[in-house]
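Colleague: Structure incoming, see below.
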Amino acid sequence: MSPLADRLEQAGAEAAARADHWEILAVERDDTVVEVGSGVPDLVRSAHETALCLRVHRHGRVGTATTTRLDDVHGLVGEAVRNAAHGPPASRDPVVGRTAAPEAAPEAATVPAADQGTRSVRLLAERLGALQRSSGLTVHGTVTRTEQAVHRAAPDGRTTTSDRFFHIAALAEGSAVQLPWTGWTRTPELPAALSAWLEAAAGWDGLPAADAPSGAHDVLLAPSAVHTLLTPLVTALNGTAVTAGRSFVAGRLGEPFLHPSIGLRDHPSEPAAPDEEGTGGLAWPGSDDDGVPCVPLTLVERGVPVRAYHSVRTAAACGTAPTGHGFRGNALRRTVLKPATPVLNGATLSAGPADAGSFDDLLAGVREGVLVESLMGGHQRAGLSPVVEGRLRLGFLIRDGRVAGILRQRPIALDLREVLGRRFRAVSDRRWAVSRIWSGRMPFVLAGGT
């Protein structure tokens with residue numbers, strides 16, 4: 001029996017003797033990180049983390065405790081029991097105990113040796129560094145290979161799910177352009193669309209500085225800017241914002257809000273058909289950290305917000321059912337020392353087939369406009385207002401379907417009801433992951449002038 005399995009058994013036995021019901025969430029994680037400086041993989045470091053969260057029901061109340069010390073099971077159980085004396089009322093039907101049985105069975109022991117894991121993360125780091133040679137931009141960043149196992153234990157059984165994936169955080173910079181990117185991939189491959197985008201942007205590095213058109217003009221948003229634009233809506237549909245009265249759509253579910261072509265859905269990637277963006281096959285958890293099964297959820301359908309996403313706690317506060325989005329940390333990287341809050345898994349923005357085209361087609365259709373690559377400070381009022389206000393971090397002037405200059409930094413305000421509403425024209429058929437928290441992919445979005 002492994003040390004963790006032994007501790008789970010000990011904690012369960014002691015909790016059963018001192019509480020009416022118990023549930024354990026344990027996370028084992030190994031990270032291997034390679035830093036890339038000026039296109040060269042450099043420092044390699046590794047870290048291992050194991051943490052336990054115990055939840056007990058005692059005398060009709062709930063108590064929780066967390067620890068990273070596997071040698072102090074007695075202290076963990078004692079703290080949970082003490083916390084239950086002043087905890088919230090316990091539900092009559094414990095969620096984790098009810099849903100533990102359908103959870104995926106433990107995976108076979110196919111974990112590669114440590115040196116093989118280091119080789120794979122270094123290979124991806126080398127491919128990231130190779131972008132410097134192909135694009136001419138200086139590339140810095142980190143590549144992290146994570147191997148994670150999530151264990152659940154309750155009186156009716158124990159389950160284990162595990163996964164391996166890579167996280168990339170990179171910055172490609174030239175004399176006048178800085179292109180940040182963060183994303184996820186299941187295999188040591190860079191997104192093809194991202195590589196093509198960096199090489200295209202590198203060709204614009206020597207263009208002159210320019211101001212945005214003063215009159216009506218089109219706006220073409222890159223995936224990073226689309227993510228910033230969507231953040232207010234994603235936050236407003238979060239159960240935490242709904243319960244706190246900080247959501248501008250909570251009272252308008254079912255009402256038209258965006259263009260009828262627009263959809264936003266939280267769903268898994270297809271593991272059988274990995275996409276060119278590198279996110280195909282990222283793990284979709286069987287259940288969230290409250291024990292609720294994770295199923296695909298449509299947030300916006302044909303331009304209409306239809307559902308918020310909830311943890312057990314926020315769902316109870318709203319008098320609705322949980323949606324399987326209660327995670328400690330996020331769905332990809334569990335952090336048991338954090339409380340379970342609503343977090344998306346893999347949200348993807350989409351539009352109807354008639355409103356999709358290639359990036360080149362979108363660019364060619366702009367007579368006069370701007371291409372916004374990224375914004376700074378656009379998340380400050382997320383959930384409170386559909387208007388994103390910040391500063392232009394990087395943008396380009398477009399004339400007659402060609403990039404003609406680099407925009408000077410300036411304040412900018414974008415109303416998602418306008419950009420994804422009456423001004424919406426099209427999305428690109430290429431997309432990639434841009435969020436640090438969830439693995440969903442964002443496309444380019446083209447909005448017409450006013």
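How things are named: the first chain in the structure tokens is A, the next is B, and so on; residues count from 1 in each chain; ligands count from 1 in the order shown.
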Compile the contact shell of region 291-303 of chain A as a list in words: residues with an atom at most 7 Å away, counting only C-alpha atoms, same-chain residues fewer than 6 positions apart removed.
Modeller: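 Here the answer would be Val95, Val96, Thr99, Pro256, Phe257, Leu258, His259, Pro260, Ser261, Ile262, Gly263, Leu264, Arg265, Asp266, His267, Pro285 and Gly324 of chain A.
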Colleague: Using DSSP on the backbone coordinates, identify all residues within region 58-236 of chain A classified as helix (DSSP H, G or I); present the result as a VMD selection string.
Modeller: chain A and resid 73 to 84 95 to 99 114 to 135 192 to 202 223 to 236
Colleague: Which one of A:Gly239, A:Gly405, A:Gly357, A:Gly448 sits closest to Pro342 (chain A) if you count only C-alpha atoms?
Modeller: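 That would be A:Gly239, the residue with the smallest distance to Pro342 (chain A).
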Colleague: For Ser439 (chain A), list every protein, DNA or RNA residue within 7 Å, evaluated using only C-alpha atoms, and leave out those in the same chain fewer than 5 positions away; present the list as a list of chain:residue names.
Modeller: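 Skipping anything fewer than 5 positions along the chain leaves A:Trp184, A:Asn345, A:Gly346, A:Ala433.
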Colleague: Would you write out those residues with N, CA, C and O atoms, as a short mmCIF file (atom, residue, chain, number, x, y, z; two decimals), in the first residue's frame?
Modeller:
data_model
loop_
_atom_site.label_atom_id
_atom_site.label_comp_id
_atom_site.auth_asym_id
_atom_site.auth_seq_id
_atom_site.Cartn_x
_atom_site.Cartn_y
_atom_site.Cartn_z
N TRP A 184 -2.64 25.56 -22.68
CA TRP A 184 -2.50 24.19 -22.23
C TRP A 184 -2.39 23.26 -23.42
O TRP A 184 -2.94 23.52 -24.48
N ASN A 345 -14.43 24.82 -16.89
CA ASN A 345 -13.48 23.78 -17.28
C ASN A 345 -12.87 24.07 -18.65
O ASN A 345 -11.65 24.19 -18.77
N GLY A 346 -13.71 24.15 -19.68
CA GLY A 346 -13.19 24.32 -21.03
C GLY A 346 -14.14 25.10 -21.91
O GLY A 346 -14.60 24.61 -22.94
N ALA A 433 -6.09 28.12 -26.76
CA ALA A 433 -6.34 28.37 -25.33
C ALA A 433 -5.61 29.63 -24.90
O ALA A 433 -4.47 29.87 -25.28
#
Colleague: Separation of CA of Gly78 (chain A) and CA of Ser287 (chain A), in Å?
Modeller: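 Straight-line distance from CA of Gly78 (chain A) to CA of Ser287 (chain A) works out to 27.2 Å.
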Colleague: Report, in Å with one decimal, the straight-line distance from CA of Thr146 (chain A) to CA of Trp284 (chain A).
Modeller: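 For CA of Thr146 (chain A) relative to CA of Trp284 (chain A), the distance reads 15.3 Å.
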Colleague: As a list in words, please: the residues near Val56 (chain A) (cut-off 8 Å, only C-alpha atoms, same-chain neighbours under 6 positions excluded).
Modeller: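 Once the adjacent positions are removed, what remains is Ala15, Ala19, Asp20, His21, Trp22, Glu23, Val62, Gly63, Thr64, Ala80, Val81 and Ala84 of chain A.
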Colleague: Let me see the file: selected residues, N, CA, C and O atoms, as a PDB file, in the first residue's frame.
Modeller:
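What ended up in selection.pdb:
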ATOM      1  N   ALA A  15     -12.037   9.122  11.197  1.00  0.00           N
ATOM      2  CA  ALA A  15     -13.181  10.004  10.983  1.00  0.00           C
ATOM      3  C   ALA A  15     -14.497   9.249  11.186  1.00  0.00           C
ATOM      4  O   ALA A  15     -15.463   9.794  11.728  1.00  0.00           O
ATOM      5  N   ALA A  19     -17.237  10.889  13.629  1.00  0.00           N
ATOM      6  CA  ALA A  19     -18.197  11.715  12.895  1.00  0.00           C
ATOM      7  C   ALA A  19     -19.300  10.840  12.305  1.00  0.00           C
ATOM      8  O   ALA A  19     -19.166   9.616  12.194  1.00  0.00           O
ATOM      9  N   ASP A  20     -20.404  11.479  11.905  1.00  0.00           N
ATOM     10  CA  ASP A  20     -21.525  10.761  11.317  1.00  0.00           C
ATOM     11  C   ASP A  20     -21.277  10.427   9.850  1.00  0.00           C
ATOM     12  O   ASP A  20     -21.816   9.449   9.326  1.00  0.00           O
ATOM     13  N   HIS A  21     -20.496  11.257   9.183  1.00  0.00           N
ATOM     14  CA  HIS A  21     -20.172  11.037   7.775  1.00  0.00           C
ATOM     15  C   HIS A  21     -18.842  11.722   7.493  1.00  0.00           C
ATOM     16  O   HIS A  21     -18.488  12.715   8.132  1.00  0.00           O
ATOM     17  N   TRP A  22     -18.083  11.197   6.518  1.00  0.00           N
ATOM     18  CA  TRP A  22     -16.796  11.796   6.183  1.00  0.00           C
ATOM     19  C   TRP A  22     -16.533  11.665   4.681  1.00  0.00           C
ATOM     20  O   TRP A  22     -17.019  10.754   4.028  1.00  0.00           O
ATOM     21  N   GLU A  23     -15.752  12.591   4.148  1.00  0.00           N
ATOM     22  CA  GLU A  23     -15.328  12.598   2.749  1.00  0.00           C
ATOM     23  C   GLU A  23     -13.904  13.137   2.695  1.00  0.00           C
ATOM     24  O   GLU A  23     -13.582  14.088   3.407  1.00  0.00           O
ATOM     25  N   VAL A  62     -21.270  20.725   9.418  1.00  0.00           N
ATOM     26  CA  VAL A  62     -20.136  20.357   8.574  1.00  0.00           C
ATOM     27  C   VAL A  62     -18.861  20.998   9.095  1.00  0.00           C
ATOM     28  O   VAL A  62     -18.847  22.189   9.449  1.00  0.00           O
ATOM     29  N   GLY A  63     -17.799  20.223   9.105  1.00  0.00           N
ATOM     30  CA  GLY A  63     -16.486  20.747   9.458  1.00  0.00           C
ATOM     31  C   GLY A  63     -15.460  20.283   8.443  1.00  0.00           C
ATOM     32  O   GLY A  63     -15.523  19.136   7.977  1.00  0.00           O
ATOM     33  N   THR A  64     -14.539  21.146   8.075  1.00  0.00           N
ATOM     34  CA  THR A  64     -13.500  20.789   7.108  1.00  0.00           C
ATOM     35  C   THR A  64     -12.127  21.120   7.672  1.00  0.00           C
ATOM     36  O   THR A  64     -11.981  21.997   8.536  1.00  0.00           O
ATOM     37  N   ALA A  80     -11.035  18.922  11.871  1.00  0.00           N
ATOM     38  CA  ALA A  80     -12.325  18.881  11.172  1.00  0.00           C
ATOM     39  C   ALA A  80     -13.478  18.715  12.147  1.00  0.00           C
ATOM     40  O   ALA A  80     -14.530  19.357  12.016  1.00  0.00           O
ATOM     41  N   VAL A  81     -13.300  17.859  13.146  1.00  0.00           N
ATOM     42  CA  VAL A  81     -14.355  17.648  14.146  1.00  0.00           C
ATOM     43  C   VAL A  81     -14.590  18.911  14.959  1.00  0.00           C
ATOM     44  O   VAL A  81     -15.737  19.301  15.232  1.00  0.00           O
ATOM     45  N   ALA A  84     -16.509  21.444  12.982  1.00  0.00           N
ATOM     46  CA  ALA A  84     -17.916  21.095  12.784  1.00  0.00           C
ATOM     47  C   ALA A  84     -18.800  21.649  13.900  1.00  0.00           C
ATOM     48  O   ALA A  84     -20.008  21.824  13.703  1.00  0.00           O
TER      49      ALA A  84
END
Colleague: Neighbouring residues of Gly401 (chain A) were defined as those with any atom within 12 Å, considering only C-alpha atoms; residues of the same chain fewer than 4 positions away were excluded. Please report them as number ranges by chain.
Modeller: A: 218, 220, 359-371, 396-397
Colleague: Can I get the selection written as a short mmCIF file (atom, residue, chain, number, x, y, z; two decimals), in the first residue's frame, with all heavy atoms?
Modeller:
data_model
loop_
_atom_site.label_atom_id
_atom_site.label_comp_id
_atom_site.auth_asym_id
_atom_site.auth_seq_id
_atom_site.Cartn_x
_atom_site.Cartn_y
_atom_site.Cartn_z
N ASP A 218 -13.82 49.27 -38.25
CA ASP A 218 -13.97 47.89 -37.80
C ASP A 218 -12.96 47.58 -36.69
O ASP A 218 -11.91 48.23 -36.58
CB ASP A 218 -13.74 46.92 -38.96
CG ASP A 218 -14.80 47.04 -40.04
OD1 ASP A 218 -15.86 47.64 -39.76
OD2 ASP A 218 -14.57 46.54 -41.16
N LEU A 220 -10.98 44.18 -35.08
CA LEU A 220 -10.65 42.75 -35.14
C LEU A 220 -9.89 42.40 -33.86
O LEU A 220 -8.84 42.97 -33.58
CB LEU A 220 -9.79 42.47 -36.38
CG LEU A 220 -9.33 41.02 -36.61
CD1 LEU A 220 -10.51 40.08 -36.69
CD2 LEU A 220 -8.47 40.94 -37.89
N PHE A 359 -8.54 33.71 -40.66
CA PHE A 359 -8.03 35.01 -40.22
C PHE A 359 -7.73 35.91 -41.43
O PHE A 359 -8.04 37.10 -41.42
CB PHE A 359 -6.77 34.84 -39.38
CG PHE A 359 -6.06 36.13 -39.11
CD1 PHE A 359 -6.55 37.04 -38.20
CD2 PHE A 359 -4.88 36.45 -39.80
CE1 PHE A 359 -5.90 38.25 -37.96
CE2 PHE A 359 -4.22 37.64 -39.57
CZ PHE A 359 -4.74 38.55 -38.63
N ASP A 360 -7.15 35.33 -42.46
CA ASP A 360 -6.84 36.12 -43.66
C ASP A 360 -8.10 36.71 -44.28
O ASP A 360 -8.10 37.85 -44.75
CB ASP A 360 -6.09 35.25 -44.68
CG ASP A 360 -4.69 34.89 -44.20
OD1 ASP A 360 -4.15 35.62 -43.35
OD2 ASP A 360 -4.16 33.86 -44.67
N ASP A 361 -9.18 35.93 -44.28
CA ASP A 361 -10.44 36.42 -44.82
C ASP A 361 -10.99 37.56 -43.98
O ASP A 361 -11.50 38.57 -44.51
CB ASP A 361 -11.47 35.30 -44.90
CG ASP A 361 -11.13 34.26 -45.97
OD1 ASP A 361 -10.34 34.61 -46.88
OD2 ASP A 361 -11.63 33.13 -45.89
N LEU A 362 -10.90 37.41 -42.65
CA LEU A 362 -11.39 38.46 -41.76
C LEU A 362 -10.59 39.74 -41.97
O LEU A 362 -11.15 40.84 -42.05
CB LEU A 362 -11.30 38.01 -40.30
CG LEU A 362 -12.53 37.35 -39.68
CD1 LEU A 362 -12.97 36.13 -40.48
CD2 LEU A 362 -12.25 36.96 -38.23
N LEU A 363 -9.26 39.60 -42.05
CA LEU A 363 -8.39 40.76 -42.24
C LEU A 363 -8.67 41.43 -43.59
O LEU A 363 -8.76 42.66 -43.68
CB LEU A 363 -6.93 40.34 -42.14
CG LEU A 363 -5.87 41.44 -42.28
CD1 LEU A 363 -6.01 42.45 -41.14
CD2 LEU A 363 -4.47 40.84 -42.30
N ALA A 364 -8.82 40.63 -44.62
CA ALA A 364 -9.03 41.17 -45.96
C ALA A 364 -10.35 41.93 -46.06
O ALA A 364 -10.49 42.82 -46.92
CB ALA A 364 -8.99 40.05 -46.99
N GLY A 365 -11.31 41.62 -45.19
CA GLY A 365 -12.60 42.29 -45.25
C GLY A 365 -12.65 43.62 -44.54
O GLY A 365 -13.70 44.28 -44.53
N VAL A 366 -11.53 44.04 -43.95
CA VAL A 366 -11.49 45.31 -43.21
C VAL A 366 -10.91 46.40 -44.11
O VAL A 366 -9.75 46.33 -44.51
CB VAL A 366 -10.65 45.18 -41.93
CG1 VAL A 366 -10.56 46.53 -41.21
CG2 VAL A 366 -11.23 44.12 -41.01
N ARG A 367 -11.71 47.40 -44.43
CA ARG A 367 -11.20 48.51 -45.23
C ARG A 367 -10.42 49.48 -44.35
O ARG A 367 -9.33 49.92 -44.70
CB ARG A 367 -12.35 49.24 -45.92
CG ARG A 367 -11.88 50.31 -46.92
CD ARG A 367 -13.06 51.03 -47.53
NE ARG A 367 -13.77 51.83 -46.56
CZ ARG A 367 -13.38 53.06 -46.18
NH1 ARG A 367 -12.30 53.62 -46.71
NH2 ARG A 367 -14.07 53.73 -45.28
N GLU A 368 -10.99 49.81 -43.21
CA GLU A 368 -10.30 50.67 -42.24
C GLU A 368 -10.69 50.20 -40.84
O GLU A 368 -11.88 50.09 -40.53
CB GLU A 368 -10.68 52.14 -42.42
CG GLU A 368 -9.86 53.07 -41.53
CD GLU A 368 -10.11 54.53 -41.83
OE1 GLU A 368 -11.30 54.89 -41.99
OE2 GLU A 368 -9.15 55.30 -41.90
N GLY A 369 -9.69 49.92 -40.02
CA GLY A 369 -9.99 49.43 -38.69
C GLY A 369 -8.74 49.19 -37.87
O GLY A 369 -7.64 49.63 -38.23
N VAL A 370 -8.93 48.48 -36.76
CA VAL A 370 -7.81 48.18 -35.86
C VAL A 370 -7.84 46.69 -35.52
O VAL A 370 -8.90 46.06 -35.49
CB VAL A 370 -7.87 49.01 -34.56
CG1 VAL A 370 -7.73 50.49 -34.87
CG2 VAL A 370 -9.15 48.74 -33.78
N LEU A 371 -6.66 46.15 -35.29
CA LEU A 371 -6.49 44.79 -34.80
C LEU A 371 -5.97 44.89 -33.37
O LEU A 371 -4.87 45.39 -33.15
CB LEU A 371 -5.51 44.02 -35.68
CG LEU A 371 -4.96 42.68 -35.15
CD1 LEU A 371 -6.10 41.72 -34.83
CD2 LEU A 371 -4.01 42.06 -36.16
N PHE A 396 -2.81 47.04 -33.91
CA PHE A 396 -2.30 47.39 -35.23
C PHE A 396 -3.37 48.14 -36.01
O PHE A 396 -4.57 47.90 -35.85
CB PHE A 396 -1.89 46.13 -35.99
CG PHE A 396 -0.84 45.30 -35.30
CD1 PHE A 396 -1.22 44.26 -34.47
CD2 PHE A 396 0.50 45.56 -35.47
CE1 PHE A 396 -0.27 43.48 -33.82
CE2 PHE A 396 1.47 44.80 -34.84
CZ PHE A 396 1.08 43.75 -34.01
N LEU A 397 -2.92 49.05 -36.86
CA LEU A 397 -3.82 49.76 -37.76
C LEU A 397 -4.01 48.92 -39.03
O LEU A 397 -3.06 48.37 -39.57
CB LEU A 397 -3.21 51.11 -38.12
CG LEU A 397 -3.97 51.95 -39.16
CD1 LEU A 397 -5.32 52.39 -38.59
CD2 LEU A 397 -3.13 53.15 -39.59
#
Colleague: Of the residues A:Asp31, A:Glu189, A:Glu255, A:Asp42, which is the one nearest to Arg307 (chain A), using only C-alpha atoms?
Modeller: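 Closest to Arg307 (chain A), using only C-alpha atoms: A:Glu255.
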